[in-house]
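Asks: Quick one: the structure is below, and I'll ask about it shortly.
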Amino acid sequence: MIFADKLIRLRKKSGWSQEELAEQMGVSRQSISKWEGAQSIPDLEKIIKLAKLFSVSTDYLLLDELGDEQTEAPALPGEERPALRRVSMEEANAFLEIKAETAGWIAFGVFLCILSPICLLLLAGLSEMPGSGISGGLAAAIGLTVLLVMVAAAVAIFVYSGGKTSAFEYLDSQIFETEYGVSGMVKERREQYRERYMRNNIIGVCLCILAAIPLFSSAALEVDNPLLPVGLLCATLVTVAFGVRLLVRSGTVWGGFERLLEEGEYTREEKKKQPLISKISQVYWTLALAGYLAYSFITNGWDRSWIVWPVAAVLFPAVSALILLFAKKK
């Protein structure tokens, strides 16, 4: 890692802008920009000042062969900061092991939620066939019972998984530092998992795309059998369930690496937004669930109301971004 990359990382880890760092160093913002763009290198006096400012050695700043290391973010002049929580090698390994264990359970819980309406759909279609011997009321009663049991099982899995990782919740919201060697260990394990992560993502996304084929087939076929379109819809749900299961499992493991490295969605800047995002998420998904249940029960359109979830998932990032932008302006 060259000096420019180290300077960028140290500045961002400290939560400073280029202007703020320039003020600390007594130089212009353009000078900081040139240093970070590898267009120039500060003189020895400023290197020593940077080392003191970021609590690192001059060797670390100047020698490219020295690996990246975790350093404590300095406080601004006159500001007192509490000591950052330190994550040991034992804690990091324990967290990654728990994430690997619970990733499969969480993915299975999501899998159950997606498959939960299938019994209701099949029984509803079967009740419309002459001579089936199943009334609409009985089909709804059995189907809803199975749906609620599967959702309850999924919720139990989510609660169990959350309890397993509750001791590490500070990784999501608090700024911390890692002890020597932790960052390198996490990066090494992430690289070992990268191929599997990419493979699962590719397969998962492809399955979600291919899931539309049974729906198109249902629209193209003109068959009097009411069970056929229902069966094709169920095939779509099954395909989506397997695809999402792969995405959730690999994403959960990958998220564990990003938490410890404070990267991706878990940078220090993102953590400052976390309380607002949490509130947005609670309100948003509560409204989505209420809308899904209200529409499904009022119209009895369980065969099409599932579309609420992919639409809500697509819209959520946009809604969050707009609210955060508005809050920032306020």
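Labeling convention for the structure tokens: chains A, B, ... as they appear, residues from 1 per chain, ligands from 1 in order of appearance.
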Based on the backbone DSSP call, show me all residues of region 85-231 of chain A assigned helix (DSSP H, G or I), as a ChimeraX atom specification.
Replies: /A:89-115,118-127,136-168,170-173,182-210,212-220,227-231
Asks: Would you list the contacts of Tyr160 (chain A) as a list in words, taking every protein, DNA or RNA residue within 10 Å and counting only C-alpha atoms, but skipping same-chain residues closer than 4 positions in sequence?
Replies: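 The contact residues come out as Thr102, Trp105, Ile106, Ala154, Val155, Ala156, Lys164, Thr165 and Ser166 of chain A.
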Asks: Those same residues, written as a tab-separated table (two decimals), in the first residue's frame with N, CA and C atoms?
Replies:
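As written to disk, result.tsv reads:
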```
chain	number	residue	atom	x	y	z
A	102	THR	N	-24.75	-19.19	11.85
A	102	THR	CA	-26.10	-18.65	11.76
A	102	THR	C	-26.49	-18.28	10.33
A	105	TRP	N	-28.83	-20.82	8.98
A	105	TRP	CA	-30.14	-20.78	9.63
A	105	TRP	C	-30.96	-19.59	9.15
A	106	ILE	N	-30.33	-18.42	9.05
A	106	ILE	CA	-31.05	-17.24	8.58
A	106	ILE	C	-31.54	-17.44	7.15
A	154	ALA	N	-39.83	-19.59	11.00
A	154	ALA	CA	-38.82	-18.66	10.49
A	154	ALA	C	-38.48	-17.60	11.53
A	155	VAL	N	-39.52	-17.07	12.18
A	155	VAL	CA	-39.29	-16.04	13.21
A	155	VAL	C	-38.47	-16.62	14.36
A	156	ALA	N	-38.77	-17.85	14.75
A	156	ALA	CA	-38.00	-18.50	15.82
A	156	ALA	C	-36.53	-18.62	15.42
A	164	LYS	N	-27.66	-15.42	19.18
A	164	LYS	CA	-26.29	-15.93	19.08
A	164	LYS	C	-25.29	-14.81	18.82
A	165	THR	N	-25.73	-13.78	18.07
A	165	THR	CA	-24.81	-12.69	17.70
A	165	THR	C	-25.03	-11.42	18.53
A	166	SER	N	-25.91	-11.48	19.52
A	166	SER	CA	-26.23	-10.28	20.28
A	166	SER	C	-25.02	-9.69	21.00
```
Asks: With DSSP run on the backbone, what are the strand (DSSP E or B) residues within region 34-249 of chain A? I'd like them as JSON, numbers by chain.
Replies: {"A": [85, 86, 87, 176, 177, 178]}
Asks: Emit the selected residues as an mmCIF file, in the first residue's frame, including N, CA, C and O atoms.
Replies:
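Below you can see again-v8.cif, which holds the result:
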```cif
data_model
loop_
_atom_site.group_PDB
_atom_site.id
_atom_site.type_symbol
_atom_site.label_atom_id
_atom_site.label_comp_id
_atom_site.auth_asym_id
_atom_site.auth_seq_id
_atom_site.Cartn_x
_atom_site.Cartn_y
_atom_site.Cartn_z
ATOM 1 N N ARG A 85 -13.273 0.859 21.736
ATOM 2 C CA ARG A 85 -13.332 -0.558 22.109
ATOM 3 C C ARG A 85 -12.393 -1.349 21.211
ATOM 4 O O ARG A 85 -12.349 -1.141 19.999
ATOM 5 N N ARG A 86 -11.652 -2.261 21.791
ATOM 6 C CA ARG A 86 -10.690 -3.058 21.027
ATOM 7 C C ARG A 86 -11.237 -4.471 20.831
ATOM 8 O O ARG A 86 -11.772 -5.083 21.745
ATOM 9 N N VAL A 87 -11.086 -4.948 19.613
ATOM 10 C CA VAL A 87 -11.533 -6.300 19.263
ATOM 11 C C VAL A 87 -10.309 -7.201 19.186
ATOM 12 O O VAL A 87 -9.403 -6.970 18.370
ATOM 13 N N PHE A 176 -14.798 1.087 16.581
ATOM 14 C CA PHE A 176 -13.883 0.268 17.372
ATOM 15 C C PHE A 176 -12.548 0.175 16.651
ATOM 16 O O PHE A 176 -12.382 0.638 15.510
ATOM 17 N N GLU A 177 -11.595 -0.430 17.306
ATOM 18 C CA GLU A 177 -10.322 -0.732 16.674
ATOM 19 C C GLU A 177 -9.993 -2.190 16.933
ATOM 20 O O GLU A 177 -10.495 -2.781 17.898
ATOM 21 N N THR A 178 -9.160 -2.759 16.083
ATOM 22 C CA THR A 178 -8.797 -4.164 16.225
ATOM 23 C C THR A 178 -7.353 -4.285 16.685
ATOM 24 O O THR A 178 -6.508 -3.431 16.370
#
```
Asks: Which residues are close to region 117-129 of chain A, i.e. within 6 Å by only C-alpha atoms, leaving aside same-chain residues fewer than 5 positions away? Reply as a ChimeraX atom specification.
Replies: /A:134-136,139,143,147,226-227,234
Asks: Quick one: pull the distance between CA of Ala294 (chain A) and CA of Ile114 (chain A), Å, one decimal.
Replies: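 Between CA of Ala294 (chain A) and CA of Ile114 (chain A) the gap is 18.0 Å.
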Asks: Please provide the set of residues having any atom within 12 Å of Lys34 (chain A), restricted to only C-alpha atoms, with same-chain residues fewer than 3 positions apart removed, written as an NGL selection string.
Replies: :A and (3-5 or 7-8 or 18 or 22 or 27-31 or 37-42)
Asks: Would you save the residues from that selection as a compact mmCIF listing (two decimals), in the first residue's frame, using all heavy atoms?
Replies:
```txt
# COMPACT_ATOMS: atom_id res chain seq x y z
N PHE A 3 1.86 5.49 0.05
CA PHE A 3 1.57 6.55 1.00
C PHE A 3 0.19 7.17 0.77
O PHE A 3 -0.55 7.44 1.72
CB PHE A 3 2.65 7.63 0.90
CG PHE A 3 2.32 8.90 1.62
CD1 PHE A 3 2.49 9.00 2.99
CD2 PHE A 3 1.79 9.99 0.93
CE1 PHE A 3 2.15 10.16 3.66
CE2 PHE A 3 1.46 11.15 1.60
CZ PHE A 3 1.64 11.24 2.96
N ALA A 4 -0.16 7.42 -0.50
CA ALA A 4 -1.44 8.07 -0.81
C ALA A 4 -2.61 7.26 -0.28
O ALA A 4 -3.56 7.81 0.32
CB ALA A 4 -1.57 8.26 -2.32
N ASP A 5 -2.57 5.93 -0.48
CA ASP A 5 -3.66 5.07 0.00
C ASP A 5 -3.73 5.06 1.51
O ASP A 5 -4.83 5.07 2.11
CB ASP A 5 -3.47 3.64 -0.52
CG ASP A 5 -3.61 3.55 -2.03
OD1 ASP A 5 -4.34 4.38 -2.61
OD2 ASP A 5 -2.97 2.66 -2.62
N LEU A 7 -2.78 7.48 3.53
CA LEU A 7 -3.26 8.77 4.00
C LEU A 7 -4.78 8.86 3.87
O LEU A 7 -5.47 9.35 4.78
CB LEU A 7 -2.61 9.90 3.20
CG LEU A 7 -3.01 11.33 3.59
CD1 LEU A 7 -2.70 11.60 5.05
CD2 LEU A 7 -2.33 12.34 2.69
N ILE A 8 -5.30 8.37 2.75
CA ILE A 8 -6.76 8.38 2.55
C ILE A 8 -7.45 7.56 3.63
O ILE A 8 -8.44 7.98 4.23
CB ILE A 8 -7.12 7.84 1.15
CG1 ILE A 8 -6.64 8.81 0.07
CG2 ILE A 8 -8.63 7.63 1.02
CD1 ILE A 8 -6.77 8.26 -1.34
N GLN A 18 -10.93 16.51 3.66
CA GLN A 18 -9.63 17.04 3.24
C GLN A 18 -9.39 18.43 3.82
O GLN A 18 -8.27 18.77 4.20
CB GLN A 18 -9.55 17.07 1.72
CG GLN A 18 -9.42 15.70 1.07
CD GLN A 18 -9.21 15.79 -0.42
OE1 GLN A 18 -9.47 16.82 -1.05
NE2 GLN A 18 -8.72 14.70 -1.01
N ALA A 22 -6.33 19.50 6.19
CA ALA A 22 -5.48 20.61 5.75
C ALA A 22 -5.33 21.65 6.86
O ALA A 22 -4.24 22.19 7.08
CB ALA A 22 -6.09 21.26 4.49
N VAL A 27 -1.79 23.46 5.80
CA VAL A 27 -1.57 23.52 4.35
C VAL A 27 -2.91 23.73 3.67
O VAL A 27 -3.96 23.77 4.31
CB VAL A 27 -0.90 22.22 3.83
CG1 VAL A 27 0.46 22.01 4.49
CG2 VAL A 27 -1.80 21.01 4.11
N SER A 28 -2.88 23.85 2.35
CA SER A 28 -4.11 24.03 1.60
C SER A 28 -4.78 22.69 1.32
O SER A 28 -4.14 21.64 1.38
CB SER A 28 -3.82 24.73 0.26
OG SER A 28 -3.03 23.90 -0.56
N ARG A 29 -6.09 22.74 1.01
CA ARG A 29 -6.80 21.51 0.65
C ARG A 29 -6.22 20.90 -0.61
O ARG A 29 -6.20 19.67 -0.78
CB ARG A 29 -8.29 21.81 0.45
CG ARG A 29 -9.14 20.55 0.28
CD ARG A 29 -10.46 20.85 -0.37
NE ARG A 29 -10.30 21.34 -1.71
CZ ARG A 29 -10.07 20.56 -2.78
NH1 ARG A 29 -9.96 19.26 -2.63
NH2 ARG A 29 -9.93 21.08 -3.97
N GLN A 30 -5.74 21.74 -1.53
CA GLN A 30 -5.15 21.25 -2.77
C GLN A 30 -3.91 20.40 -2.50
O GLN A 30 -3.65 19.42 -3.20
CB GLN A 30 -4.79 22.42 -3.71
CG GLN A 30 -5.98 23.12 -4.35
CD GLN A 30 -6.73 24.02 -3.38
OE1 GLN A 30 -6.20 24.36 -2.31
NE2 GLN A 30 -7.94 24.43 -3.75
N SER A 31 -3.16 20.78 -1.46
CA SER A 31 -1.98 19.98 -1.10
C SER A 31 -2.38 18.59 -0.64
O SER A 31 -1.78 17.58 -1.04
CB SER A 31 -1.18 20.69 0.00
OG SER A 31 -0.68 21.92 -0.45
N GLY A 37 -3.72 11.92 -4.15
CA GLY A 37 -3.75 11.52 -5.56
C GLY A 37 -2.41 11.04 -6.06
O GLY A 37 -2.25 10.81 -7.27
N ALA A 38 -1.43 10.90 -5.15
CA ALA A 38 -0.08 10.43 -5.50
C ALA A 38 0.59 11.36 -6.50
O ALA A 38 1.46 10.94 -7.27
CB ALA A 38 -0.13 9.00 -6.04
N GLN A 39 0.21 12.64 -6.49
CA GLN A 39 0.81 13.62 -7.37
C GLN A 39 2.03 14.28 -6.73
O GLN A 39 2.86 14.86 -7.41
CB GLN A 39 -0.21 14.68 -7.76
CG GLN A 39 -1.40 14.12 -8.52
CD GLN A 39 -2.46 15.17 -8.78
OE1 GLN A 39 -2.28 16.35 -8.51
NE2 GLN A 39 -3.61 14.74 -9.31
N SER A 40 2.10 14.23 -5.41
CA SER A 40 3.25 14.77 -4.69
C SER A 40 3.33 14.10 -3.33
O SER A 40 2.36 13.47 -2.88
CB SER A 40 3.14 16.29 -4.54
OG SER A 40 2.03 16.62 -3.69
N ILE A 41 4.48 14.24 -2.67
CA ILE A 41 4.70 13.66 -1.34
C ILE A 41 5.13 14.78 -0.41
O ILE A 41 5.98 15.62 -0.78
CB ILE A 41 5.77 12.56 -1.39
CG1 ILE A 41 5.30 11.39 -2.27
CG2 ILE A 41 6.08 12.04 0.01
CD1 ILE A 41 6.31 10.28 -2.41
N PRO A 42 4.59 14.87 0.77
CA PRO A 42 4.99 15.93 1.71
C PRO A 42 6.45 15.81 2.12
O PRO A 42 7.04 14.72 2.07
CB PRO A 42 4.04 15.73 2.89
CG PRO A 42 3.61 14.31 2.80
CD PRO A 42 3.57 14.00 1.34
```
Asks: Can you work out which one of A:Ile175, A:Ala153, A:Ala140, A:Ala321 has the shortest atom-to-atom distance to Arg259 (chain A), counting only C-alpha atoms?
Replies: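 Using only C-alpha atoms, Arg259 (chain A) sits closest to A:Ile175.
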Asks: Need the shell around Gly255 (chain A): protein/DNA/RNA residues with any atom at most 9 Å away, counting only C-alpha atoms. Skip same-chain ones fewer than 3 positions apart. Format as a ChimeraX atom specification?
Replies: /A:99,250-252,258-260,264-266
Asks: Any chance you can output those residues with C-alpha atoms as an mmCIF file, in the first residue's frame?
Replies:
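Wrote result.cif, looks like this:
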```
data_model
loop_
_atom_site.group_PDB
_atom_site.id
_atom_site.type_symbol
_atom_site.label_atom_id
_atom_site.label_comp_id
_atom_site.auth_asym_id
_atom_site.auth_seq_id
_atom_site.Cartn_x
_atom_site.Cartn_y
_atom_site.Cartn_z
ATOM 1 C CA LYS A 99 -21.774 -15.743 11.526
ATOM 2 C CA SER A 250 -23.271 -15.807 1.330
ATOM 3 C CA GLY A 251 -24.246 -12.196 2.062
ATOM 4 C CA THR A 252 -24.474 -12.882 5.801
ATOM 5 C CA GLU A 258 -17.151 -6.153 6.421
ATOM 6 C CA ARG A 259 -18.232 -5.510 10.011
ATOM 7 C CA LEU A 260 -14.788 -6.345 11.394
ATOM 8 C CA GLY A 264 -19.067 -1.550 2.865
ATOM 9 C CA GLU A 265 -22.206 -0.709 4.824
ATOM 10 C CA TYR A 266 -20.294 -0.649 8.123
#
```
Asks: Would you kindly return, as a VMD selection string, each protein, DNA or RNA residue with an atom no farther than 9 Å from any atom of Pro214 (chain A), considering only C-alpha atoms and excluding same-chain residues fewer than 6 positions away?
Replies: chain A and resid 229 231 to 236
Asks: Which residues, written as a list in words, have at least one atom at most 12 Å from Ala167 (chain A), with only C-alpha atoms counted and residues fewer than 5 positions away on the same chain left out?
Replies: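 Surrounding residues, per the criterion: Glu91, Ala92, Ala94, Phe95, Ile98, Ser161, Gly162 and Asp172 of chain A.
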Asks: Using CA of Ile203 (chain A) and CA of Leu237 (chain A) as the two end points, give the distance in Å to one decimal.
Replies: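 Between these atoms lies a distance of 15.9 Å.
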Asks: To one decimal place, how far is CA of Gly26 (chain A) from CA of Ile47 (chain A) in Å?
Replies: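 So the answer is 12.8 Å.
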Asks: Of the residues A:Val151, A:Leu44, A:Ala212, A:Leu63, which is the one nearest to Val240 (chain A), using only C-alpha atoms?
Replies: A:Ala212
Asks: Under the rule that only C-alpha atoms are counted, which of A:Gly243, A:Gly301, A:Gly181, A:Gly163 is the nearest residue to Ile202 (chain A)?
Replies: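 Closest to Ile202 (chain A) of all the choices is A:Gly243.
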Asks: Counting only C-alpha atoms, which residue out of A:Phe168, A:Trp285, A:Phe297, A:Phe257 sits closest to Tyr197 (chain A)?
Replies: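 Using only C-alpha atoms, the shortest distance to Tyr197 (chain A) belongs to A:Phe257.
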Asks: Kindly indicate which residue among A:Leu53, A:Leu261, A:Val308, A:Ile48 lies nearest to Leu171 (chain A), using only C-alpha atoms for the distances.
Replies: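 Checking each of A:Leu53, A:Leu261, A:Val308, A:Ile48 against Leu171 (chain A), counting only C-alpha atoms, the winner is A:Leu261.
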